[in-house]
$ cat work_27.txt   # compact mmCIF, C-alpha atoms
# COMPACT_ATOMS: atom_id res chain seq x y z
CA ILE A 20 10.79 9.65 -2.75
CA GLU A 21 14.36 9.38 -4.00
CA ALA A 22 14.58 7.63 -7.34
CA PRO A 23 16.47 7.85 -10.65
CA GLU A 24 15.52 10.68 -12.98
CA GLY A 25 12.86 9.73 -15.50
CA LEU A 26 11.32 7.01 -13.36
CA THR A 27 7.88 8.64 -13.57
CA ALA A 28 7.91 8.09 -17.34
CA LEU A 29 8.04 4.31 -16.80
CA GLY A 30 5.60 1.80 -15.42
CA TYR A 31 2.09 0.50 -15.69
CA GLU A 32 -0.87 2.81 -16.15
CA GLY A 33 -4.56 2.78 -15.37
CA ARG A 34 -6.81 2.52 -12.34
CA ASP A 35 -6.64 -0.83 -10.51
CA ASN A 36 -3.88 -2.22 -12.72
CA PRO A 37 -2.55 -5.19 -10.67
CA ARG A 38 0.86 -4.79 -12.33
CA ALA A 39 1.33 -1.36 -10.69
CA VAL A 40 2.81 -3.11 -7.63
CA ARG A 41 5.73 -4.24 -9.79
CA ASP A 42 6.75 -0.61 -10.30
CA ASP A 43 8.36 1.88 -7.96
CA HIS A 44 5.45 2.63 -5.62
CA LEU A 45 4.19 3.65 -2.21
CA SER A 46 1.45 1.65 -0.45
CA VAL A 47 -0.61 2.62 2.56
CA PHE A 48 -2.33 -0.26 4.34
CA LEU A 49 -5.03 0.48 6.90
CA GLY A 50 -6.45 -2.01 9.35
CA ALA A 51 -10.04 -1.40 10.40
CA GLY A 52 -10.93 -4.23 12.75
CA GLU A 53 -10.42 -7.41 10.77
CA ASN A 54 -10.48 -5.59 7.43
CA SER A 55 -7.29 -4.68 5.58
CA TYR A 56 -7.39 -1.85 3.05
CA ALA A 57 -4.61 -1.28 0.53
CA PHE A 58 -3.95 1.96 -1.35
CA THR A 59 -1.03 1.80 -3.80
CA VAL A 60 0.25 4.54 -6.09
CA ASN A 61 3.11 3.96 -8.51
CA ALA A 62 5.52 6.63 -9.75
CA ARG A 63 3.34 7.26 -12.82
CA GLY A 64 0.31 7.96 -10.65
CA SER A 65 -1.53 4.70 -11.28
CA LEU A 66 -3.80 3.91 -8.34
CA LEU A 67 -4.76 0.51 -6.99
CA ASP A 68 -7.07 0.06 -4.00
CA ALA A 69 -8.36 -3.15 -2.46
CA ARG A 70 -10.28 -4.43 0.56
CA ASN A 71 -9.07 -7.73 2.03
CA GLY A 72 -7.22 -8.42 -1.23
CA ASP A 73 -10.30 -7.79 -3.41
CA ARG A 74 -9.15 -5.45 -6.21
CA GLU A 75 -12.72 -5.17 -7.52
CA TRP A 76 -13.57 -3.00 -4.48
CA ASN A 77 -13.10 0.70 -5.15
CA SER A 78 -13.08 3.69 -2.86
CA GLY A 79 -13.10 7.40 -3.46
CA VAL A 80 -9.35 7.55 -2.80
CA ARG A 81 -7.51 10.26 -4.72
CA ALA A 82 -3.80 10.42 -5.46
CA ALA A 83 -1.36 12.59 -7.36
CA THR A 84 2.31 12.20 -8.21
CA SER A 85 4.90 14.56 -9.62
CA ALA A 86 8.50 14.25 -10.66
CA HIS A 87 11.37 16.31 -9.28
CA ALA A 88 15.15 16.31 -9.74
CA GLU A 89 15.79 13.64 -7.08
CA GLY A 90 12.80 11.38 -7.80
CA TRP A 91 9.07 11.76 -7.27
CA GLN A 92 6.48 12.69 -4.69
CA VAL A 93 3.02 11.37 -3.95
CA GLU A 94 -0.08 12.67 -2.17
CA ILE A 95 -2.91 10.34 -1.17
CA ALA A 96 -6.34 11.33 0.18
CA ILE A 97 -8.06 8.31 1.75
CA PRO A 98 -11.78 8.67 2.59
CA LEU A 99 -11.84 6.97 6.01
CA ALA A 100 -15.64 7.20 6.18
CA GLU A 101 -15.84 4.66 3.33
CA LEU A 102 -13.91 1.98 5.21
CA GLU A 103 -16.11 -0.68 6.73
CA TRP A 104 -15.62 -1.93 10.27
CA ALA A 105 -16.55 -5.34 11.56
CA GLY A 106 -16.40 -5.31 15.32
CA PRO A 107 -16.35 -2.72 18.07
CA PRO A 108 -18.34 0.52 18.16
CA PRO A 109 -16.65 3.74 16.94
CA GLU A 110 -15.59 4.98 20.37
CA ILE A 111 -13.31 1.98 21.02
CA ARG A 112 -12.04 1.22 17.53
CA ARG A 113 -8.31 0.91 17.06
CA TRP A 114 -6.98 1.77 13.62
CA LYS A 115 -3.77 0.17 12.34
CA ILE A 116 -1.43 1.39 9.58
CA ASN A 117 1.47 0.13 7.54
CA ILE A 118 3.37 1.96 4.83
CA ILE A 119 5.47 0.14 2.27
CA ARG A 120 7.85 1.74 -0.19
CA ARG A 121 8.85 -0.37 -3.19
CA ASP A 122 12.19 0.77 -4.64
CA GLN A 123 12.14 -0.96 -8.01
CA THR A 124 15.66 0.18 -8.92
CA ALA A 125 17.15 -1.55 -5.86
CA HIS A 126 14.54 -4.36 -5.84
CA ARG A 127 13.81 -3.58 -2.19
CA ASP A 128 10.73 -3.11 -0.02
CA SER A 129 10.83 -1.00 3.14
CA GLU A 130 8.02 -1.21 5.69
CA LEU A 131 7.01 1.04 8.56
CA SER A 132 5.96 -2.03 10.52
CA PRO A 133 7.55 -5.26 9.21
CA THR A 134 5.03 -8.00 8.42
CA PHE A 135 7.37 -10.43 6.71
CA GLY A 136 6.24 -14.03 6.58
CA ARG A 137 6.88 -17.10 4.47
CA SER A 138 6.25 -16.58 0.77
CA ALA A 139 4.42 -18.99 -1.49
CA LEU A 140 6.65 -17.77 -4.33
CA ASP A 141 9.46 -20.27 -4.68
CA HIS A 142 11.66 -17.95 -6.75
CA LEU A 143 12.21 -15.49 -3.88
CA VAL A 144 15.45 -15.72 -1.93
CA PRO A 145 14.96 -15.59 0.95
CA MET A 146 11.45 -16.99 0.68
CA TYR A 147 9.75 -14.21 2.64
CA GLN A 148 7.50 -11.32 1.68
CA SER A 149 5.25 -8.70 3.23
CA ASP A 150 1.81 -9.79 4.39
CA PRO A 151 -0.80 -7.08 3.70
CA ALA A 152 -3.39 -9.07 5.67
CA ALA A 153 -1.29 -9.12 8.88
CA VAL A 154 -3.30 -6.27 10.43
CA ALA A 155 -2.25 -7.24 13.96
CA ARG A 156 1.39 -6.46 13.05
CA PHE A 157 0.61 -2.99 11.66
CA ALA A 158 1.49 0.08 13.74
CA ASP A 159 -1.23 1.74 15.82
CA LEU A 160 -2.80 4.79 14.17
CA VAL A 161 -4.22 7.55 16.33
CA LEU A 162 -6.82 9.75 14.65
CA ARG A 163 -7.51 13.17 16.18

$ encode --input "work_27.txt" --output "structure tokens"
Amino acid sequence: IEAPEGLTALGYEGRDNPRAVRDDHLSVFLGAGENSYAFTVNARGSLLDARNGDREWNSGVRAATSAHAEGWQVEIAIPLAELEWAGPPPEIRRWKINIIRRDQTAHRDSELSPTFGRSALDHLVPMYQSDPAAVARFADLVLR
């Protein structure tokens, strides 16, 4: 991930710190039926996971970050077996995925599959933001 040098020395720390999403970060959202799972790692390596917006839920997800001359890199291992499905049997399940990169320096979010909708935050211009619960708008994920 391209970013200014020294970015990994900044930001919030600790597992499930809700402020980590304010930092330079990468998020992977998985849709499993009606459930939405979020896995966010900031440049410092702080990890936040949630199920349907519930940050109290924790998985066995593992992540690691490291700095390099042009920015930082991240690796995430998501234990798919821990994700709960409500709905169809395993042989006809359709997984969904969205990946969001938050570039804090440019104050910009980039999404694999845009889910922008109206924001309840009145200080945003324009008043739109990503919707992590919009599973139907995520890209299809094929597992082999």

$ atom_distance --input "work_27.txt" --atom1 "CA of Arg113 (chain A)" --atom2 "CA of Asn54 (chain A)"
11.8 Å

$ atom_distance --input "work_27.txt" --atom1 "CA of Arg74 (chain A)" --atom2 "CA of Leu162 (chain A)"
25.9 Å

$ closest_residue --input "work_27.txt" --among "A:Trp76, A:Ala57, A:Ala62, A:Thr84" --to "Ile97 (chain A)" --atoms "all atoms listed in the file"
A:Ala57

$ residues_around --input "work_27.txt" --residues "region 37-43 of chain A" --least-positions-apart "6" --cutoff "7 Å" --atoms "all atoms listed in the file" --output "list in words"
Gly30, Tyr31, Asn61, Ala62, Ser65, Arg121, Asp122 and Gln123 of chain A

$ atom_distance --input "work_27.txt" --atom1 "CA of Arg156 (chain A)" --atom2 "CA of Val93 (chain A)"
24.7 Å

$ residues_around --input "work_27.txt" --residues "Ala69 (chain A)" --least-positions-apart "3" --cutoff "9 Å" --atoms "all atoms listed in the file" --output "PDB file with C-alpha atoms, keeping the file's coordinate frame"
ATOM      1  CA  ASP A  35      -6.640  -0.830 -10.510  1.00  0.00           C
ATOM      2  CA  SER A  55      -7.290  -4.680   5.580  1.00  0.00           C
ATOM      3  CA  TYR A  56      -7.390  -1.850   3.050  1.00  0.00           C
ATOM      4  CA  ALA A  57      -4.610  -1.280   0.530  1.00  0.00           C
ATOM      5  CA  PHE A  58      -3.950   1.960  -1.350  1.00  0.00           C
ATOM      6  CA  THR A  59      -1.030   1.800  -3.800  1.00  0.00           C
ATOM      7  CA  GLY A  72      -7.220  -8.420  -1.230  1.00  0.00           C
ATOM      8  CA  ASP A  73     -10.300  -7.790  -3.410  1.00  0.00           C
ATOM      9  CA  ARG A  74      -9.150  -5.450  -6.210  1.00  0.00           C
ATOM     10  CA  GLU A  75     -12.720  -5.170  -7.520  1.00  0.00           C
ATOM     11  CA  TRP A  76     -13.570  -3.000  -4.480  1.00  0.00           C
ATOM     12  CA  ASN A  77     -13.100   0.700  -5.150  1.00  0.00           C
ATOM     13  CA  SER A  78     -13.080   3.690  -2.860  1.00  0.00           C
TER      14      SER A  78
END

$ closest_residue --input "work_27.txt" --among "A:Gly64, A:Pro133, A:Gly25, A:Gly33" --to "His87 (chain A)" --atoms "all atoms listed in the file"
A:Gly25

$ closest_residue --input "work_27.txt" --among "A:Pro98, A:Ala51, A:Glu89, A:Pro23" --to "Arg112 (chain A)" --atoms "only C-alpha atoms"
A:Ala51

$ closest_residue --input "work_27.txt" --among "A:Val161, A:Val60, A:Ala28, A:Leu102" --to "Gly79 (chain A)" --atoms "all atoms listed in the file"
A:Leu102

$ residues_around --input "work_27.txt" --residues "Ile20 (chain A)" --least-positions-apart "2" --cutoff "7 Å" --atoms "only C-alpha atoms" --output "PDB file with C-alpha atoms, keeping the file's coordinate frame"
ATOM      1  CA  ALA A  22      14.580   7.630  -7.340  1.00  0.00           C
ATOM      2  CA  GLY A  90      12.800  11.380  -7.800  1.00  0.00           C
ATOM      3  CA  TRP A  91       9.070  11.760  -7.270  1.00  0.00           C
ATOM      4  CA  GLN A  92       6.480  12.690  -4.690  1.00  0.00           C
TER       5      GLN A  92
END

$ closest_residue --input "work_27.txt" --among "A:Leu66, A:Asn71, A:Val154, A:Glu32" --to "Ala83 (chain A)" --atoms "only C-alpha atoms"
A:Leu66

$ closest_residue --input "work_27.txt" --among "A:Glu53, A:Leu99, A:Phe48, A:Ala86" --to "Thr134 (chain A)" --atoms "all atoms listed in the file"
A:Phe48
